[in-house]
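Participant: See data.csv below, with CSV, C-alpha atoms (C1' of nucleotides).
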```csv
chain,number,residue,atom,x,y,z
A,1,MET,CA,-33.3,15.0,6.1
A,2,THR,CA,-30.7,17.0,4.0
A,3,TYR,CA,-27.5,18.8,5.0
A,4,THR,CA,-25.5,21.8,3.7
A,5,VAL,CA,-21.7,21.5,3.2
A,6,LYS,CA,-21.0,23.0,6.6
A,7,GLU,CA,-23.4,20.7,8.4
A,8,PHE,CA,-22.1,17.7,6.6
A,9,ALA,CA,-18.4,18.7,7.3
A,10,ASP,CA,-19.2,19.1,11.0
A,11,MET,CA,-20.9,15.8,11.1
A,12,PHE,CA,-17.7,14.1,10.0
A,13,HIS,CA,-15.3,16.3,11.9
A,14,THR,CA,-13.7,17.6,8.7
A,15,THR,CA,-13.7,20.8,6.7
A,16,GLU,CA,-15.9,22.3,4.0
A,17,HIS,CA,-12.9,22.4,1.8
A,18,THR,CA,-12.4,18.6,2.1
A,19,ILE,CA,-16.1,17.9,1.4
A,20,ARG,CA,-16.0,20.1,-1.7
A,21,TYR,CA,-12.9,18.4,-2.8
A,22,TYR,CA,-14.5,15.0,-2.4
A,23,THR,CA,-17.6,16.0,-4.4
A,24,ASP,CA,-15.4,17.6,-7.1
A,25,ILE,CA,-13.5,14.4,-7.7
A,26,ASN,CA,-16.8,12.5,-7.7
A,27,LEU,CA,-16.0,10.5,-4.6
A,28,LEU,CA,-19.0,11.8,-2.7
A,29,PRO,CA,-22.4,12.1,-4.4
A,30,CYS,CA,-24.3,15.4,-3.9
A,31,LYS,CA,-27.3,17.1,-5.4
A,32,ARG,CA,-27.6,20.8,-5.9
A,33,ASP,CA,-30.5,23.1,-4.8
A,34,ASN,CA,-31.9,25.8,-7.0
A,35,GLY,CA,-29.2,28.2,-5.8
A,36,ASN,CA,-26.5,25.7,-7.1
A,37,HIS,CA,-25.6,24.9,-3.5
A,38,ARG,CA,-24.5,21.4,-2.6
A,39,VAL,CA,-27.1,19.3,-0.8
A,40,PHE,CA,-26.3,16.1,1.1
A,41,ASP,CA,-28.8,13.4,2.0
A,42,GLU,CA,-28.7,10.1,4.0
A,43,THR,CA,-27.2,8.3,1.1
A,44,ALA,CA,-24.3,10.7,1.1
A,45,VAL,CA,-24.0,10.2,4.9
A,46,ASN,CA,-23.6,6.4,4.4
A,47,TRP,CA,-21.1,6.9,1.6
A,48,MET,CA,-19.1,9.2,3.7
A,49,LYS,CA,-19.1,6.7,6.6
A,50,GLY,CA,-17.6,4.1,4.4
A,51,ILE,CA,-15.1,6.6,2.8
A,52,THR,CA,-14.0,7.7,6.3
A,53,CYS,CA,-13.4,4.2,7.5
A,54,LEU,CA,-11.4,3.2,4.4
A,55,LYS,CA,-9.4,6.4,4.8
A,56,ASN,CA,-8.7,5.5,8.5
A,57,CYS,CA,-7.4,2.2,7.2
A,58,GLY,CA,-4.7,4.2,5.4
A,59,MET,CA,-6.2,3.7,1.9
A,60,PRO,CA,-5.3,6.4,-0.6
A,61,VAL,CA,-8.2,8.5,-1.9
A,62,LYS,CA,-7.7,7.2,-5.5
A,63,GLU,CA,-8.1,3.6,-4.4
A,64,ILE,CA,-11.2,4.5,-2.3
A,65,LYS,CA,-12.6,6.0,-5.4
A,66,ARG,CA,-11.8,2.8,-7.4
A,67,TYR,CA,-13.7,0.8,-4.7
A,68,CYS,CA,-16.7,3.2,-4.8
A,69,ASP,CA,-16.8,3.0,-8.6
A,70,LEU,CA,-16.9,-0.8,-8.3
A,71,CYS,CA,-19.8,-0.5,-6.0
A,72,GLN,CA,-21.7,1.5,-8.6
A,73,LEU,CA,-21.0,-0.8,-11.5
A,74,GLU,CA,-23.3,-3.6,-12.6
A,75,GLU,CA,-23.0,-6.6,-10.3
A,76,SER,CA,-20.9,-9.6,-11.3
A,77,ALA,CA,-18.9,-12.3,-9.7
A,78,GLU,CA,-15.6,-10.7,-10.5
A,79,ASN,CA,-16.8,-7.3,-9.3
A,80,LEU,CA,-18.0,-8.9,-6.0
A,81,LEU,CA,-14.7,-10.7,-5.5
A,82,ALA,CA,-12.7,-7.6,-6.3
A,83,ARG,CA,-14.6,-5.6,-3.7
A,84,TYR,CA,-14.3,-8.5,-1.2
A,85,HIS,CA,-10.5,-8.6,-1.5
A,86,ILE,CA,-10.2,-4.9,-1.1
A,87,ILE,CA,-12.3,-5.0,2.1
A,88,ALA,CA,-10.4,-8.0,3.4
A,89,ALA,CA,-7.1,-6.3,3.0
A,90,GLN,CA,-8.3,-3.1,4.6
A,91,GLN,CA,-9.8,-4.9,7.5
A,92,LYS,CA,-6.4,-6.4,8.2
A,93,GLU,CA,-4.9,-2.9,8.0
A,94,ALA,CA,-7.6,-1.6,10.4
A,95,HIS,CA,-6.5,-4.1,13.0
A,96,LYS,CA,-2.8,-3.3,12.5
A,97,LYS,CA,-3.7,0.3,13.2
A,98,VAL,CA,-5.4,-0.6,16.4
A,99,ALA,CA,-2.3,-2.4,17.6
A,100,GLU,CA,-0.2,0.6,16.6
A,101,ALA,CA,-2.5,3.1,18.2
A,102,ILE,CA,-2.5,1.1,21.5
A,103,ALA,CA,1.3,0.9,21.5
A,104,THR,CA,1.6,4.6,20.8
A,105,ALA,CA,-0.9,5.4,23.6
A,106,GLU,CA,1.1,3.3,26.0
A,107,TYR,CA,4.3,5.1,25.1
A,108,MET,CA,2.6,8.4,25.6
A,109,ASP,CA,1.1,7.4,29.0
A,110,HIS,CA,4.5,6.3,30.1
A,111,LYS,CA,6.1,9.5,28.9
A,112,LEU,CA,3.5,11.7,30.6
A,113,LYS,CA,4.0,9.9,33.9
A,114,HIS,CA,7.7,10.5,33.5
A,115,TYR,CA,7.1,14.2,33.1
A,116,GLU,CA,4.7,14.2,36.1
A,117,GLU,CA,7.4,12.6,38.2
A,118,ILE,CA,9.9,15.3,37.1
A,119,LEU,CA,7.4,18.1,38.0
A,120,GLU,CA,6.8,16.5,41.4
A,121,GLY,CA,10.5,16.8,41.9
A,122,ARG,CA,10.9,13.0,42.4
A,123,ILE,CA,13.4,12.6,39.6
A,124,PRO,CA,15.6,15.2,37.8
A,125,ASP,CA,14.7,16.7,34.4
A,126,ASP,CA,16.3,14.6,31.6
A,127,THR,CA,15.9,16.1,28.2
A,128,ASN,CA,18.2,13.6,26.5
A,129,PRO,CA,16.0,11.2,24.5
A,130,ALA,CA,18.9,8.7,24.4
A,131,ASN,CA,17.7,8.0,27.9
A,132,TRP,CA,14.0,7.9,27.1
A,133,THR,CA,12.5,4.7,28.1
A,134,ALA,CA,11.1,3.1,25.0
B,1,MET,CA,25.9,-0.9,17.5
B,2,THR,CA,25.4,1.4,14.5
B,3,TYR,CA,23.1,1.3,11.5
B,4,THR,CA,23.1,2.4,7.9
B,5,VAL,CA,20.2,4.4,6.4
B,6,LYS,CA,18.7,1.3,5.0
B,7,GLU,CA,19.0,-0.7,8.2
B,8,PHE,CA,17.6,2.2,10.2
B,9,ALA,CA,14.7,2.7,7.8
B,10,ASP,CA,13.8,-1.0,7.9
B,11,MET,CA,13.9,-0.9,11.7
B,12,PHE,CA,11.1,1.7,11.7
B,13,HIS,CA,9.1,0.3,8.7
B,14,THR,CA,9.8,3.4,6.7
B,15,THR,CA,11.8,4.4,3.7
B,16,GLU,CA,15.4,5.6,3.2
B,17,HIS,CA,13.9,8.8,1.6
B,18,THR,CA,12.0,9.6,4.8
B,19,ILE,CA,15.1,9.0,7.0
B,20,ARG,CA,17.2,11.2,4.8
B,21,TYR,CA,14.5,13.9,4.9
B,22,TYR,CA,14.4,13.8,8.7
B,23,THR,CA,18.2,14.1,8.9
B,24,ASP,CA,18.2,16.9,6.4
B,25,ILE,CA,15.7,19.0,8.4
B,26,ASN,CA,17.8,18.2,11.6
B,27,LEU,CA,14.9,16.3,13.1
B,28,LEU,CA,17.0,13.2,13.5
B,29,PRO,CA,20.6,13.3,14.6
B,30,CYS,CA,23.2,11.3,12.5
B,31,LYS,CA,26.9,11.1,12.2
B,32,ARG,CA,28.9,10.5,9.0
B,33,ASP,CA,31.5,7.9,8.3
B,34,ASN,CA,34.7,8.6,6.4
B,35,GLY,CA,32.8,8.0,3.2
B,36,ASN,CA,30.3,10.7,4.2
B,37,HIS,CA,27.6,8.1,4.7
B,38,ARG,CA,25.0,8.5,7.4
B,39,VAL,CA,25.5,6.5,10.5
B,40,PHE,CA,22.9,6.0,13.2
B,41,ASP,CA,23.5,4.9,16.8
B,42,GLU,CA,21.3,3.9,19.8
B,43,THR,CA,20.7,7.6,20.5
B,44,ALA,CA,19.2,8.0,17.1
B,45,VAL,CA,17.1,4.9,17.7
B,46,ASN,CA,15.6,6.4,20.8
B,47,TRP,CA,15.0,9.8,19.1
B,48,MET,CA,13.3,8.0,16.3
B,49,LYS,CA,11.0,6.0,18.7
B,50,GLY,CA,9.8,9.3,20.2
B,51,ILE,CA,9.4,10.9,16.8
B,52,THR,CA,7.4,8.0,15.5
B,53,CYS,CA,5.1,8.1,18.4
B,54,LEU,CA,4.5,11.8,18.2
B,55,LYS,CA,3.8,11.4,14.5
B,56,ASN,CA,1.3,8.6,15.2
B,57,CYS,CA,-0.4,11.1,17.5
B,58,GLY,CA,-1.0,13.2,14.4
B,59,MET,CA,1.5,15.8,15.3
B,60,PRO,CA,2.9,17.7,12.3
B,61,VAL,CA,6.7,17.3,11.6
B,62,LYS,CA,7.3,21.0,12.3
B,63,GLU,CA,5.8,20.7,15.8
B,64,ILE,CA,7.7,17.5,16.5
B,65,LYS,CA,10.9,19.4,15.5
B,66,ARG,CA,9.9,22.2,17.9
B,67,TYR,CA,9.5,19.7,20.7
B,68,CYS,CA,12.8,18.0,19.9
B,69,ASP,CA,14.5,21.4,19.9
B,70,LEU,CA,13.1,22.2,23.3
B,71,CYS,CA,14.5,18.9,24.5
B,72,GLN,CA,18.0,19.9,23.5
B,73,LEU,CA,17.9,23.5,24.9
B,74,GLU,CA,19.2,24.3,28.3
B,75,GLU,CA,16.9,23.2,31.0
B,76,SER,CA,14.5,25.6,32.8
B,77,ALA,CA,11.1,25.6,34.4
B,78,GLU,CA,9.4,27.1,31.4
B,79,ASN,CA,11.0,24.7,29.1
B,80,LEU,CA,10.0,21.8,31.2
B,81,LEU,CA,6.4,23.0,31.4
B,82,ALA,CA,6.2,23.6,27.7
B,83,ARG,CA,7.4,20.1,27.0
B,84,TYR,CA,5.0,18.7,29.5
B,85,HIS,CA,2.0,20.5,27.9
B,86,ILE,CA,3.0,19.2,24.5
B,87,ILE,CA,3.2,15.6,25.7
B,88,ALA,CA,-0.1,15.9,27.7
B,89,ALA,CA,-1.9,17.2,24.6
B,90,GLN,CA,-0.5,14.4,22.4
B,91,GLN,CA,-1.2,11.8,25.0
B,92,LYS,CA,-4.9,12.7,24.8
B,93,GLU,CA,-4.7,12.6,21.0
B,94,ALA,CA,-3.2,9.1,21.2
B,95,HIS,CA,-6.1,7.9,23.2
B,96,LYS,CA,-8.5,9.5,20.7
B,97,LYS,CA,-6.7,7.6,18.0
B,98,VAL,CA,-7.2,4.3,19.8
B,99,ALA,CA,-10.9,4.8,20.1
B,100,GLU,CA,-11.1,5.9,16.4
B,101,ALA,CA,-9.0,2.9,15.3
B,102,ILE,CA,-11.2,0.5,17.3
B,103,ALA,CA,-14.4,1.9,15.8
B,104,THR,CA,-12.9,1.7,12.3
B,105,ALA,CA,-11.8,-1.9,12.9
B,106,GLU,CA,-15.4,-2.8,14.1
B,107,TYR,CA,-16.9,-1.3,11.0
B,108,MET,CA,-14.5,-3.2,8.8
B,109,ASP,CA,-15.2,-6.5,10.6
B,110,HIS,CA,-18.8,-5.9,10.1
B,111,LYS,CA,-18.4,-5.1,6.5
B,112,LEU,CA,-16.2,-8.1,5.8
B,113,LYS,CA,-18.7,-10.4,7.5
B,114,HIS,CA,-21.4,-8.9,5.2
B,115,TYR,CA,-19.3,-9.8,2.1
B,116,GLU,CA,-18.7,-13.3,3.4
B,117,GLU,CA,-22.4,-13.8,3.8
B,118,ILE,CA,-22.9,-12.6,0.2
B,119,LEU,CA,-20.2,-15.0,-1.1
B,120,GLU,CA,-21.9,-17.8,0.8
B,121,GLY,CA,-25.1,-16.9,-1.1
B,122,ARG,CA,-27.0,-16.3,2.1
B,123,ILE,CA,-27.9,-12.7,1.2
B,124,PRO,CA,-27.9,-11.0,-2.2
B,125,ASP,CA,-25.1,-8.7,-3.4
B,126,ASP,CA,-26.0,-5.1,-2.4
B,127,THR,CA,-23.6,-2.6,-3.8
B,128,ASN,CA,-25.6,0.5,-2.8
B,129,PRO,CA,-23.8,2.0,0.2
B,130,ALA,CA,-27.0,3.8,1.1
B,131,ASN,CA,-27.9,0.4,2.5
B,132,TRP,CA,-24.6,-0.2,4.2
B,133,THR,CA,-25.1,-0.8,7.9
B,134,ALA,CA,-23.2,1.8,9.7
C,1,DG,C1',45.0,-0.8,-14.2
C,2,DT,C1',40.4,-0.4,-15.5
C,3,DA,C1',35.9,-1.8,-15.8
C,4,DC,C1',31.8,-2.8,-13.4
C,5,DT,C1',28.7,-3.2,-9.5
C,6,DG,C1',26.3,-1.7,-5.4
C,7,DG,C1',25.3,1.5,-2.2
C,8,DC,C1',25.5,5.6,-0.8
C,9,DT,C1',25.4,11.0,-1.8
C,10,DT,C1',23.1,15.6,-3.2
C,11,DC,C1',19.7,18.2,-5.6
C,12,DG,C1',15.7,19.3,-7.8
C,13,DT,C1',11.3,18.2,-9.4
C,14,DG,C1',6.8,15.6,-8.7
C,15,DT,C1',2.7,13.9,-6.0
C,16,DA,C1',-1.2,13.4,-2.7
C,17,DA,C1',-4.5,15.3,-0.2
C,18,DC,C1',-5.8,18.8,1.2
C,19,DT,C1',-5.7,24.1,2.5
C,20,DC,C1',-6.2,28.8,1.7
C,21,DG,C1',-7.7,33.0,-0.3
C,22,DA,C1',-9.6,35.9,-3.9
C,23,DA,C1',-13.5,37.1,-6.4
C,24,DG,C1',-18.2,36.2,-7.7
C,25,DT,C1',-23.3,34.8,-7.0
C,26,DC,C1',-27.5,35.0,-4.6
C,27,DA,C1',-31.2,35.2,-1.1
C,28,DA,C1',-32.6,37.6,2.9
C,29,DT,C1',-32.6,41.1,6.1
C,30,DA,C1',-31.8,46.4,7.6
D,1,DT,C1',-30.5,49.9,-1.9
D,2,DA,C1',-27.0,48.2,0.6
D,3,DT,C1',-25.0,45.0,3.2
D,4,DT,C1',-24.6,40.5,5.3
D,5,DG,C1',-23.7,35.8,5.2
D,6,DA,C1',-23.3,31.6,3.2
D,7,DC,C1',-22.4,29.6,-0.6
D,8,DT,C1',-19.8,29.1,-5.4
D,9,DT,C1',-15.5,28.3,-8.6
D,10,DC,C1',-10.7,28.5,-9.4
D,11,DG,C1',-6.0,28.7,-8.9
D,12,DA,C1',-2.1,28.8,-6.1
D,13,DG,C1',0.2,27.2,-1.7
D,14,DT,C1',1.6,23.6,1.8
D,15,DT,C1',3.0,19.4,4.0
D,16,DA,C1',5.5,15.3,4.0
D,17,DC,C1',7.4,12.9,1.6
D,18,DA,C1',8.6,10.1,-3.3
D,19,DC,C1',11.3,9.8,-7.1
D,20,DG,C1',14.9,10.1,-10.5
D,21,DA,C1',19.2,11.9,-12.3
D,22,DA,C1',23.9,12.4,-11.8
D,23,DG,C1',28.0,11.8,-9.1
D,24,DC,C1',31.2,9.6,-5.6
D,25,DC,C1',33.6,5.8,-3.8
D,26,DA,C1',34.9,1.0,-2.0
D,27,DG,C1',35.3,-3.6,-3.5
D,28,DT,C1',35.7,-7.4,-6.7
D,29,DA,C1',36.5,-9.4,-11.8
D,30,DC,C1',39.4,-9.7,-15.4
```
Please go through the file and, once you have read it, give me the structure as structure tokens.
Facilitator:
Amino acid sequence: MTYTVKEFADMFHTTEHTIRYYTDINLLPCKRDNGNHRVFDETAVNWMKGITCLKNCGMPVKEIKRYCDLCQLEESAENLLARYHIIAAQQKEAHKKVAEAIATAEYMDHKLKHYEEILEGRIPDDTNPANWTA
Amino acid sequence: MTYTVKEFADMFHTTEHTIRYYTDINLLPCKRDNGNHRVFDETAVNWMKGITCLKNCGMPVKEIKRYCDLCQLEESAENLLARYHIIAAQQKEAHKKVAEAIATAEYMDHKLKHYEEILEGRIPDDTNPANWTA
DNA sequence: GTACTGGCTTCGTGTAACTCGAAGTCAATA
DNA sequence: TATTGACTTCGAGTTACACGAAGCCAGTAC
């Protein structure tokens, strides 16, 4: 199974521009067909899954690239440890993001309820955020 | 209680640069002391809490500003509804982010465990992401 | 008094990660 | 043959800061 730029972009809820950008900086591997069009296979899908997760951890693209480059170098103890430390750090970040996301969602739930109460006329409109409940 | 730029930035785990930027674009209210230094009070803290949450929802700064501007306009039914729709949309986004964050954290947990097994010598090092378990 | 330090100020440029649009190629259909 | 549509490259634009230079000003050190 192979995919075009558009199919691949849709699969990861991103844009063709971004996918081209990733292939241009050699972050994402892609072959070309006889018409010079980018072709993505399952290997590219797996790379992209990893890249997406690292990006969600808040890792800059340059560092993701550094990690991917390490993955493609010859294996060695130092290399393995370096990759392990990167992943361990990002795993921590991932959990921080979960906590942050939950806190944000709770705030938004609260705020939405507040608006619904105003709309139901149960409390007056209060635009002053100094009175927003944290 | 009032805060300096640095204290305020620390409180929200951001930088002085960012706080100055926000005040410069009139997103965040601040007074000045007699030395022309920015001074932040509890009102600013509450604004910043809201701004931070909306940012975490993925809302661009320009739209956050538009929302904040609405909050400071004279009250009206349309204004209220406009604000309600913005918050409702962002609340949805917030919950999407939670799901995404959890999925990312699970992937990272899995990946970290994989590395630990390699380090324990139970499975061989496998740098090829085509073999990464999704 | 003056020198120095620390923390702020403005202003202008730099950076990351896209984002967009123009202009061209190429295969397939009308 | 022409046009359509999906791709291509390339260069400029955008967002949201990040950084550094240069200046101001209050407080202490001598």
Participant: What does chain B look like after a least-squares fit onto chain A on every Cα paired in order, written as an mmCIF file with C-alpha atoms, in the coordinates of the input?
Facilitator:
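The result, written out as out12.cif:
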```
data_model
loop_
_atom_site.group_PDB
_atom_site.id
_atom_site.type_symbol
_atom_site.label_atom_id
_atom_site.label_comp_id
_atom_site.auth_asym_id
_atom_site.auth_seq_id
_atom_site.Cartn_x
_atom_site.Cartn_y
_atom_site.Cartn_z
ATOM 1 C CA MET B 1 -33.263 15.089 6.134
ATOM 2 C CA THR B 2 -30.660 16.990 4.096
ATOM 3 C CA TYR B 3 -27.486 18.834 5.003
ATOM 4 C CA THR B 4 -25.468 21.764 3.770
ATOM 5 C CA VAL B 5 -21.695 21.509 3.176
ATOM 6 C CA LYS B 6 -21.002 22.992 6.514
ATOM 7 C CA GLU B 7 -23.420 20.762 8.387
ATOM 8 C CA PHE B 8 -22.095 17.714 6.564
ATOM 9 C CA ALA B 9 -18.478 18.646 7.245
ATOM 10 C CA ASP B 10 -19.167 19.169 10.954
ATOM 11 C CA MET B 11 -20.909 15.791 11.085
ATOM 12 C CA PHE B 12 -17.663 14.082 10.015
ATOM 13 C CA HIS B 13 -15.217 16.371 11.948
ATOM 14 C CA THR B 14 -13.739 17.622 8.731
ATOM 15 C CA THR B 15 -13.654 20.787 6.737
ATOM 16 C CA GLU B 16 -15.913 22.267 4.025
ATOM 17 C CA HIS B 17 -12.787 22.316 1.728
ATOM 18 C CA THR B 18 -12.373 18.549 2.085
ATOM 19 C CA ILE B 19 -16.101 17.895 1.390
ATOM 20 C CA ARG B 20 -16.009 20.077 -1.663
ATOM 21 C CA TYR B 21 -12.852 18.290 -2.860
ATOM 22 C CA TYR B 22 -14.505 14.889 -2.462
ATOM 23 C CA THR B 23 -17.575 16.050 -4.411
ATOM 24 C CA ASP B 24 -15.416 17.563 -7.084
ATOM 25 C CA ILE B 25 -13.494 14.310 -7.702
ATOM 26 C CA ASN B 26 -16.930 12.443 -7.703
ATOM 27 C CA LEU B 27 -15.947 10.511 -4.609
ATOM 28 C CA LEU B 28 -18.988 11.730 -2.752
ATOM 29 C CA PRO B 29 -22.371 12.065 -4.372
ATOM 30 C CA CYS B 30 -24.293 15.419 -3.894
ATOM 31 C CA LYS B 31 -27.244 17.117 -5.388
ATOM 32 C CA ARG B 32 -27.664 20.870 -5.968
ATOM 33 C CA ASP B 33 -30.435 23.129 -4.858
ATOM 34 C CA ASN B 34 -31.929 25.837 -7.043
ATOM 35 C CA GLY B 35 -29.177 28.137 -5.882
ATOM 36 C CA ASN B 36 -26.585 25.622 -7.106
ATOM 37 C CA HIS B 37 -25.579 24.835 -3.546
ATOM 38 C CA ARG B 38 -24.521 21.356 -2.555
ATOM 39 C CA VAL B 39 -27.057 19.289 -0.777
ATOM 40 C CA PHE B 40 -26.334 16.040 1.017
ATOM 41 C CA ASP B 41 -28.840 13.334 1.981
ATOM 42 C CA GLU B 42 -28.762 10.095 4.064
ATOM 43 C CA THR B 43 -27.210 8.299 1.080
ATOM 44 C CA ALA B 44 -24.321 10.671 1.156
ATOM 45 C CA VAL B 45 -24.035 10.147 4.900
ATOM 46 C CA ASN B 46 -23.641 6.439 4.448
ATOM 47 C CA TRP B 47 -21.128 6.861 1.564
ATOM 48 C CA MET B 48 -19.164 9.185 3.733
ATOM 49 C CA LYS B 49 -19.109 6.700 6.711
ATOM 50 C CA GLY B 50 -17.575 4.070 4.407
ATOM 51 C CA ILE B 51 -15.135 6.544 2.921
ATOM 52 C CA THR B 52 -14.006 7.700 6.311
ATOM 53 C CA CYS B 53 -13.393 4.231 7.450
ATOM 54 C CA LEU B 54 -11.439 3.238 4.403
ATOM 55 C CA LYS B 55 -9.365 6.380 4.814
ATOM 56 C CA ASN B 56 -8.686 5.541 8.477
ATOM 57 C CA CYS B 57 -7.400 2.216 7.165
ATOM 58 C CA GLY B 58 -4.746 4.220 5.344
ATOM 59 C CA MET B 59 -6.214 3.683 1.971
ATOM 60 C CA PRO B 60 -5.306 6.394 -0.558
ATOM 61 C CA VAL B 61 -8.234 8.537 -1.946
ATOM 62 C CA LYS B 62 -7.658 7.189 -5.466
ATOM 63 C CA GLU B 63 -8.113 3.585 -4.285
ATOM 64 C CA ILE B 64 -11.162 4.488 -2.229
ATOM 65 C CA LYS B 65 -12.612 6.086 -5.422
ATOM 66 C CA ARG B 66 -11.828 2.855 -7.307
ATOM 67 C CA TYR B 67 -13.684 0.849 -4.703
ATOM 68 C CA CYS B 68 -16.644 3.228 -4.715
ATOM 69 C CA ASP B 69 -16.762 2.991 -8.507
ATOM 70 C CA LEU B 70 -16.844 -0.769 -8.359
ATOM 71 C CA CYS B 71 -19.747 -0.472 -5.956
ATOM 72 C CA GLN B 72 -21.776 1.468 -8.480
ATOM 73 C CA LEU B 73 -20.981 -0.740 -11.549
ATOM 74 C CA GLU B 74 -23.259 -3.493 -12.607
ATOM 75 C CA GLU B 75 -23.004 -6.477 -10.411
ATOM 76 C CA SER B 76 -20.962 -9.591 -11.355
ATOM 77 C CA ALA B 77 -18.911 -12.285 -9.726
ATOM 78 C CA GLU B 78 -15.629 -10.627 -10.515
ATOM 79 C CA ASN B 79 -16.796 -7.365 -9.248
ATOM 80 C CA LEU B 80 -18.000 -8.868 -6.068
ATOM 81 C CA LEU B 81 -14.714 -10.695 -5.518
ATOM 82 C CA ALA B 82 -12.675 -7.623 -6.222
ATOM 83 C CA ARG B 83 -14.641 -5.655 -3.684
ATOM 84 C CA TYR B 84 -14.326 -8.421 -1.189
ATOM 85 C CA HIS B 85 -10.501 -8.573 -1.568
ATOM 86 C CA ILE B 86 -10.279 -4.835 -1.091
ATOM 87 C CA ILE B 87 -12.318 -4.909 2.115
ATOM 88 C CA ALA B 88 -10.415 -7.999 3.460
ATOM 89 C CA ALA B 89 -7.082 -6.238 2.887
ATOM 90 C CA GLN B 90 -8.280 -3.037 4.607
ATOM 91 C CA GLN B 91 -9.839 -4.951 7.420
ATOM 92 C CA LYS B 92 -6.405 -6.382 8.255
ATOM 93 C CA GLU B 93 -4.907 -2.892 7.990
ATOM 94 C CA ALA B 94 -7.519 -1.615 10.457
ATOM 95 C CA HIS B 95 -6.500 -4.173 12.961
ATOM 96 C CA LYS B 96 -2.835 -3.247 12.431
ATOM 97 C CA LYS B 97 -3.800 0.319 13.135
ATOM 98 C CA VAL B 98 -5.426 -0.628 16.427
ATOM 99 C CA ALA B 99 -2.363 -2.403 17.653
ATOM 100 C CA GLU B 100 -0.138 0.541 16.504
ATOM 101 C CA ALA B 101 -2.472 3.073 18.166
ATOM 102 C CA ILE B 102 -2.468 1.084 21.429
ATOM 103 C CA ALA B 103 1.326 0.871 21.503
ATOM 104 C CA THR B 104 1.595 4.603 20.768
ATOM 105 C CA ALA B 105 -0.908 5.399 23.531
ATOM 106 C CA GLU B 106 1.150 3.218 26.024
ATOM 107 C CA TYR B 107 4.314 5.040 25.140
ATOM 108 C CA MET B 108 2.637 8.383 25.610
ATOM 109 C CA ASP B 109 1.174 7.362 28.992
ATOM 110 C CA HIS B 110 4.550 6.312 30.029
ATOM 111 C CA LYS B 111 6.130 9.468 28.886
ATOM 112 C CA LEU B 112 3.537 11.680 30.532
ATOM 113 C CA LYS B 113 3.956 9.821 33.818
ATOM 114 C CA HIS B 114 7.738 10.482 33.524
ATOM 115 C CA TYR B 115 7.079 14.260 33.174
ATOM 116 C CA GLU B 116 4.708 14.221 36.120
ATOM 117 C CA GLU B 117 7.354 12.613 38.245
ATOM 118 C CA ILE B 118 9.815 15.330 37.147
ATOM 119 C CA LEU B 119 7.306 18.111 37.992
ATOM 120 C CA GLU B 120 6.799 16.499 41.381
ATOM 121 C CA GLY B 121 10.586 16.771 41.874
ATOM 122 C CA ARG B 122 10.925 13.055 42.410
ATOM 123 C CA ILE B 123 13.399 12.601 39.537
ATOM 124 C CA PRO B 124 15.551 15.198 37.784
ATOM 125 C CA ASP B 125 14.665 16.723 34.398
ATOM 126 C CA ASP B 126 16.290 14.574 31.658
ATOM 127 C CA THR B 127 15.893 16.077 28.259
ATOM 128 C CA ASN B 128 18.227 13.646 26.455
ATOM 129 C CA PRO B 129 15.980 11.257 24.523
ATOM 130 C CA ALA B 130 18.852 8.800 24.408
ATOM 131 C CA ASN B 131 17.693 8.087 27.940
ATOM 132 C CA TRP B 132 14.026 7.954 27.121
ATOM 133 C CA THR B 133 12.556 4.621 28.137
ATOM 134 C CA ALA B 134 11.174 3.058 25.095
#
```
Participant: Counting only C-alpha atoms (C1' of nucleotides), figure out which residue out of A:Gln72, A:Thr43, A:Thr18, A:Asn36 gets nearest to chain D.
Facilitator: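 Result for the nearest residue to chain D: A:Asn36.
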Participant: What residues in chain B lie within 12 Å of chain D, counting all atoms listed in the file, written as a list of chain:residue names?
Facilitator: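 Every residue of chain B that passes the 12 Å test is in B:Thr14, B:Thr15, B:Glu16, B:His17, B:Thr18, B:Ile19, B:Arg20, B:Tyr21, B:Tyr22, B:Ile25, B:Asn34, B:Gly35, B:Asn36, B:His37, B:Lys55, B:Met59, B:Pro60, B:Val61, B:Lys62.
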Participant: Using only C-alpha atoms (C1' of nucleotides), which residues of chain C come within 10 Å of chain B, and what is the closest atom pair for each, with the distance in Å to one decimal? Give it as a Markdown table, sorted by chain and residue number.
Facilitator:
```
| residue | atom | partner | partner_atom | distance |
| --- | --- | --- | --- | --- |
| C:DG7 | C1' | B:Lys6 | CA | 9.8 |
| C:DC8 | C1' | B:His37 | CA | 6.4 |
| C:DT9 | C1' | B:His37 | CA | 7.4 |
```
Participant: Only residues of chain B matter here; which ones have an atom within 6 Å of chain A, counting only C-alpha atoms? Give them as a ChimeraX atom specification.
Facilitator: /B:43,46-47,53,71,91,94-95,98,101-102,104-105,108,127,129-130
Participant: Go ahead and compute the interatomic distance for C1' of DC26 (chain C) and CA of Glu7 (chain A), in Å to one decimal.
Facilitator: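 Straight-line distance from C1' of DC26 (chain C) to CA of Glu7 (chain A) works out to 19.8 Å.
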Participant: Could you check how far CA of Tyr3 (chain A) sits from CA of Phe40 (chain A), in Å to one decimal?
Facilitator: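 Computing the Euclidean distance for CA of Tyr3 (chain A) and CA of Phe40 (chain A) yields 4.9 Å.
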Participant: Kindly give the distance, in Å, that separates CA of Arg32 (chain A) and CA of Tyr67 (chain A), rounded to a single decimal.
Facilitator: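 About the pair CA of Arg32 (chain A) and CA of Tyr67 (chain A): they are 24.4 Å apart.
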